[in-house]
Each structure stands twice: as structure tokens, then as C-alpha cells.
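Remarks on the structure that follows.
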Amino acid sequence: KQWYQRRVRGVLNYYTNYYYKSNLRSKMVLAVIVDALKASKVIVTQMLNPFWWTRAGKEFKQGIIEKVPGSAERMQGGEIIPEWEYVTEGKLGWEYRQVLAGNQDPWCVEGLAYPRTDHTRPHIVYTMEDHRVIGCVDCMDDQHYINYIYIKVNELGRCRDCGNCFVCLPHPEPALIWQDPHH
């Protein structure tokens with residue numbers, strides 16, 4: 001702590017003697033330096049203080065116990081509680097609630113292998129928007145690129161290489177997808 005105080009005093013004295021009295025720009029530089037030194041003191045104090053880490057760990061554990069019922073017994077048994085069980089806000093929490101509701105693919109991005117089709121029996125692709133972008137990767141075995149197809153709702157789209165047909169339809173159960181009470 002003493003070396004830190006001596007260093008701060010030395011830096012402040014240097015800037016005070018040479019630059020502080022000269023103009024406003026020097027005062028702003030001095031304010032930035034003082035703020036940076038204060039911030040580094042807080043960071044160093046937290047990083048090197050084992051009591052701070054112990055308190056932070058206890059607060060974190062208490063937060064998990066409040067959010068996840070039965071987690072205290074599980075943690076005493078040595079189990080690590082996965083993040084998706086106690087994060088209830090944001091995208092991760094929304095996705096977890098969708099999985100609990102029975103929707104295993106809440107973002108509708110699960111890739112599936114489809115057989116080749118034509119215009120009489122096209123692949124049905126559901127969307128929540130008025131369009132969908134589909135990537136066709138099953139054209140040829142040695143293909144090193146993806147054919148992207150932009151399809152609007154209730155329109156038929158066809159891959160220009162292999163001829164696979166896709167039709168984009170509105171999602172049949174939009175309430176299952178968008179049942180997020182927070183947003």
C-alpha cells in the first residue's frame with residue numbers, strides 16, 4: 001500500500017508541477033490519470049484480497065440457492081449447478097423456458113436431412129416472419145459452397161443446382177414460440 005501511495009503522489013506531483021498550471025488541457029489529463037489510478041486501486045484490491053473473493057463466492061452461491069429450488073442439497077453433494085438453471089433473464093433464460101415448455105428448437109434453426117423433392121411435394125419450412133432464408137447443402141457430395149434461397153411466405157422456392165423445392169408457411173403454433181412474459 002505504501003509503494004502505491006508513493007507512486008500516486010509522485011505522478012500527481014509531476015503533473016502538478018509541470019502541466020497543471022499551464023492550461024485546461026493539462027487539467028483534463030490530470031483528471032483522467034487520477035481516475036485511472038483510482039480504478040486500478042479498486043481492481044488490484046479486489047484481485048488480491050482473498051476476503052473479497054470469499055464474500056463474492058458466498059453471494060453468488062446464495063443467489064443460486066434463491067433461484068433454483070433444491071440447489072443447496074445438490075451443491076453440498078458436490079454437484080455443479082448448470083448456468084441455464086439459474087439464469088432466468090435474457091436469451092438464455094428465454095430459451096430454457098421454451099425447452100421446458102416442450103419446444104426443443106425455439107429458434108427454428110435445427111438442420112434436418114431431407115430427401116430430394118420436386119414441385120409436387122416440396123419441403124415445408126415454417127417461419128415466424130414473412131420470409132425465410134434456406135441453405136441447400138445436399139446438392140452434390142463434393143460441393144464446397146451453400147446455395148441460399150430466399151423464400152417468401154406461401155411461395156415455392158427451388159435450388160438452382162439440385163432442384164430441391166421448398167415452400168415457406170407461417171408457423172402453425174406461434175404461441176408456443178413466443179410465450180416470453182418478459183419481452
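Residues in the C-alpha cells are named by chain (A, B, ... in the order shown) and by number from 1 within that chain; ligands are numbered from 1 in the order shown.
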Residue list (alpha helix (DSSP H), DSSP) for range 60-180 of chain A, as JSON, numbers by chain: {"A": [60, 61, 62, 63, 64, 65, 66, 67, 71, 72, 73, 74, 75, 76, 83, 84, 85, 86, 90, 91, 92, 93, 94, 95, 96, 97, 98, 99, 100, 174, 175, 176, 177]}
With N, CA and C atoms retained, export the selected residues as a short mmCIF file (atom, residue, chain, number, x, y, z; two decimals), in the first residue's frame.
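File written: part_18.cif
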```cif
data_model
loop_
_atom_site.label_atom_id
_atom_site.label_comp_id
_atom_site.auth_asym_id
_atom_site.auth_seq_id
_atom_site.Cartn_x
_atom_site.Cartn_y
_atom_site.Cartn_z
N PHE A 60 -22.68 -15.25 -4.61
CA PHE A 60 -23.05 -15.96 -5.83
C PHE A 60 -23.80 -17.24 -5.51
N LYS A 61 -23.29 -17.98 -4.53
CA LYS A 61 -23.93 -19.23 -4.13
C LYS A 61 -25.32 -18.97 -3.56
N GLN A 62 -25.46 -17.91 -2.76
CA GLN A 62 -26.75 -17.57 -2.19
C GLN A 62 -27.75 -17.19 -3.28
N GLY A 63 -27.27 -16.50 -4.32
CA GLY A 63 -28.15 -16.16 -5.44
C GLY A 63 -28.66 -17.39 -6.16
N ILE A 64 -27.81 -18.39 -6.32
CA ILE A 64 -28.23 -19.65 -6.96
C ILE A 64 -29.25 -20.36 -6.09
N ILE A 65 -29.01 -20.39 -4.78
CA ILE A 65 -29.93 -21.08 -3.87
C ILE A 65 -31.30 -20.42 -3.90
N GLU A 66 -31.34 -19.09 -4.02
CA GLU A 66 -32.63 -18.40 -4.08
C GLU A 66 -33.38 -18.69 -5.38
N LYS A 67 -32.66 -18.87 -6.48
CA LYS A 67 -33.31 -19.03 -7.79
C LYS A 67 -33.67 -20.47 -8.12
N SER A 71 -31.24 -26.56 -4.78
CA SER A 71 -29.85 -26.50 -5.21
C SER A 71 -28.86 -26.56 -4.05
N ALA A 72 -29.30 -26.19 -2.84
CA ALA A 72 -28.39 -26.23 -1.69
C ALA A 72 -27.94 -27.66 -1.42
N GLU A 73 -28.87 -28.60 -1.44
CA GLU A 73 -28.52 -30.00 -1.20
C GLU A 73 -27.65 -30.55 -2.33
N ARG A 74 -27.98 -30.14 -3.55
CA ARG A 74 -27.20 -30.62 -4.69
C ARG A 74 -25.77 -30.10 -4.64
N MET A 75 -25.59 -28.83 -4.23
CA MET A 75 -24.23 -28.28 -4.15
C MET A 75 -23.46 -28.88 -2.99
N GLN A 76 -24.14 -29.21 -1.88
CA GLN A 76 -23.46 -29.87 -0.77
C GLN A 76 -22.97 -31.25 -1.18
N GLU A 83 -25.52 -23.35 -15.62
CA GLU A 83 -25.93 -21.95 -15.72
C GLU A 83 -27.38 -21.79 -16.18
N TRP A 84 -27.83 -22.66 -17.06
CA TRP A 84 -29.17 -22.49 -17.61
C TRP A 84 -30.26 -22.72 -16.58
N GLU A 85 -29.92 -23.26 -15.40
CA GLU A 85 -30.94 -23.48 -14.38
C GLU A 85 -31.22 -22.22 -13.57
N TYR A 86 -30.23 -21.34 -13.44
CA TYR A 86 -30.46 -20.16 -12.59
C TYR A 86 -30.49 -18.85 -13.36
N GLY A 90 -32.87 -12.68 -20.09
CA GLY A 90 -32.07 -12.67 -21.30
C GLY A 90 -32.39 -13.83 -22.21
N LYS A 91 -31.56 -14.01 -23.23
CA LYS A 91 -31.82 -15.04 -24.23
C LYS A 91 -31.70 -16.45 -23.65
N LEU A 92 -30.73 -16.66 -22.75
CA LEU A 92 -30.54 -17.99 -22.20
C LEU A 92 -31.75 -18.41 -21.38
N GLY A 93 -32.27 -17.52 -20.56
CA GLY A 93 -33.44 -17.84 -19.76
C GLY A 93 -34.67 -18.10 -20.62
N TRP A 94 -34.85 -17.29 -21.68
CA TRP A 94 -35.98 -17.48 -22.58
C TRP A 94 -35.89 -18.85 -23.27
N GLU A 95 -34.70 -19.19 -23.73
CA GLU A 95 -34.53 -20.46 -24.42
C GLU A 95 -34.80 -21.64 -23.47
N TYR A 96 -34.35 -21.53 -22.24
CA TYR A 96 -34.59 -22.60 -21.27
C TYR A 96 -36.08 -22.76 -20.99
N ARG A 97 -36.81 -21.64 -20.88
CA ARG A 97 -38.24 -21.74 -20.67
C ARG A 97 -38.94 -22.38 -21.87
N GLN A 98 -38.43 -22.13 -23.07
CA GLN A 98 -39.01 -22.76 -24.26
C GLN A 98 -38.79 -24.27 -24.23
N VAL A 99 -37.60 -24.70 -23.83
CA VAL A 99 -37.31 -26.13 -23.76
C VAL A 99 -38.19 -26.79 -22.71
N LEU A 100 -38.39 -26.14 -21.56
CA LEU A 100 -39.28 -26.68 -20.53
C LEU A 100 -40.72 -26.78 -21.03
N PRO A 174 -47.64 -20.33 -33.23
CA PRO A 174 -46.79 -19.20 -32.83
C PRO A 174 -46.84 -18.92 -31.34
N ALA A 175 -47.90 -19.31 -30.66
CA ALA A 175 -47.98 -19.08 -29.21
C ALA A 175 -46.93 -19.91 -28.47
N LEU A 176 -46.60 -21.08 -29.00
CA LEU A 176 -45.58 -21.91 -28.36
C LEU A 176 -44.21 -21.27 -28.49
N ILE A 177 -43.95 -20.62 -29.60
CA ILE A 177 -42.65 -19.98 -29.81
C ILE A 177 -42.53 -18.73 -28.97
#
```
How would you write, as an MDAnalysis selection string, the set of residues in range 78-160 of chain A that DSSP gives as strand (DSSP E or B)? chainID A and resid 123:127 131:136 147:153 156:158
Near-Cys139 in chain A list (12 Å; only C-alpha atoms; drop same-chain fewer than 4 positions) as a ChimeraX atom specification: /A:113-117,135,143-148,158-165
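CA of Ala101 in chain A to CA of Val167 in chain A spans 27.2 Å [interatomic distance, one decimal].
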Which residues, written as a PyMOL selection string, have at least one atom at most 12 Å from Glu110 in chain A, with only C-alpha atoms counted and residues fewer than 2 positions away on the same chain left out? chain A and resi 103-108+112-113+125-126+134-135
I'd like the contact shell of Pro170 in chain A - 9 Å cut-off, only C-alpha atoms, skipping same-chain residues fewer than 6 positions apart - returned as a PyMOL selection string. chain A and resi 125-130+153-154
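Atom pair CA of Asp118 in chain A / CA of Phe166 in chain A: separated by 8.6 Å.
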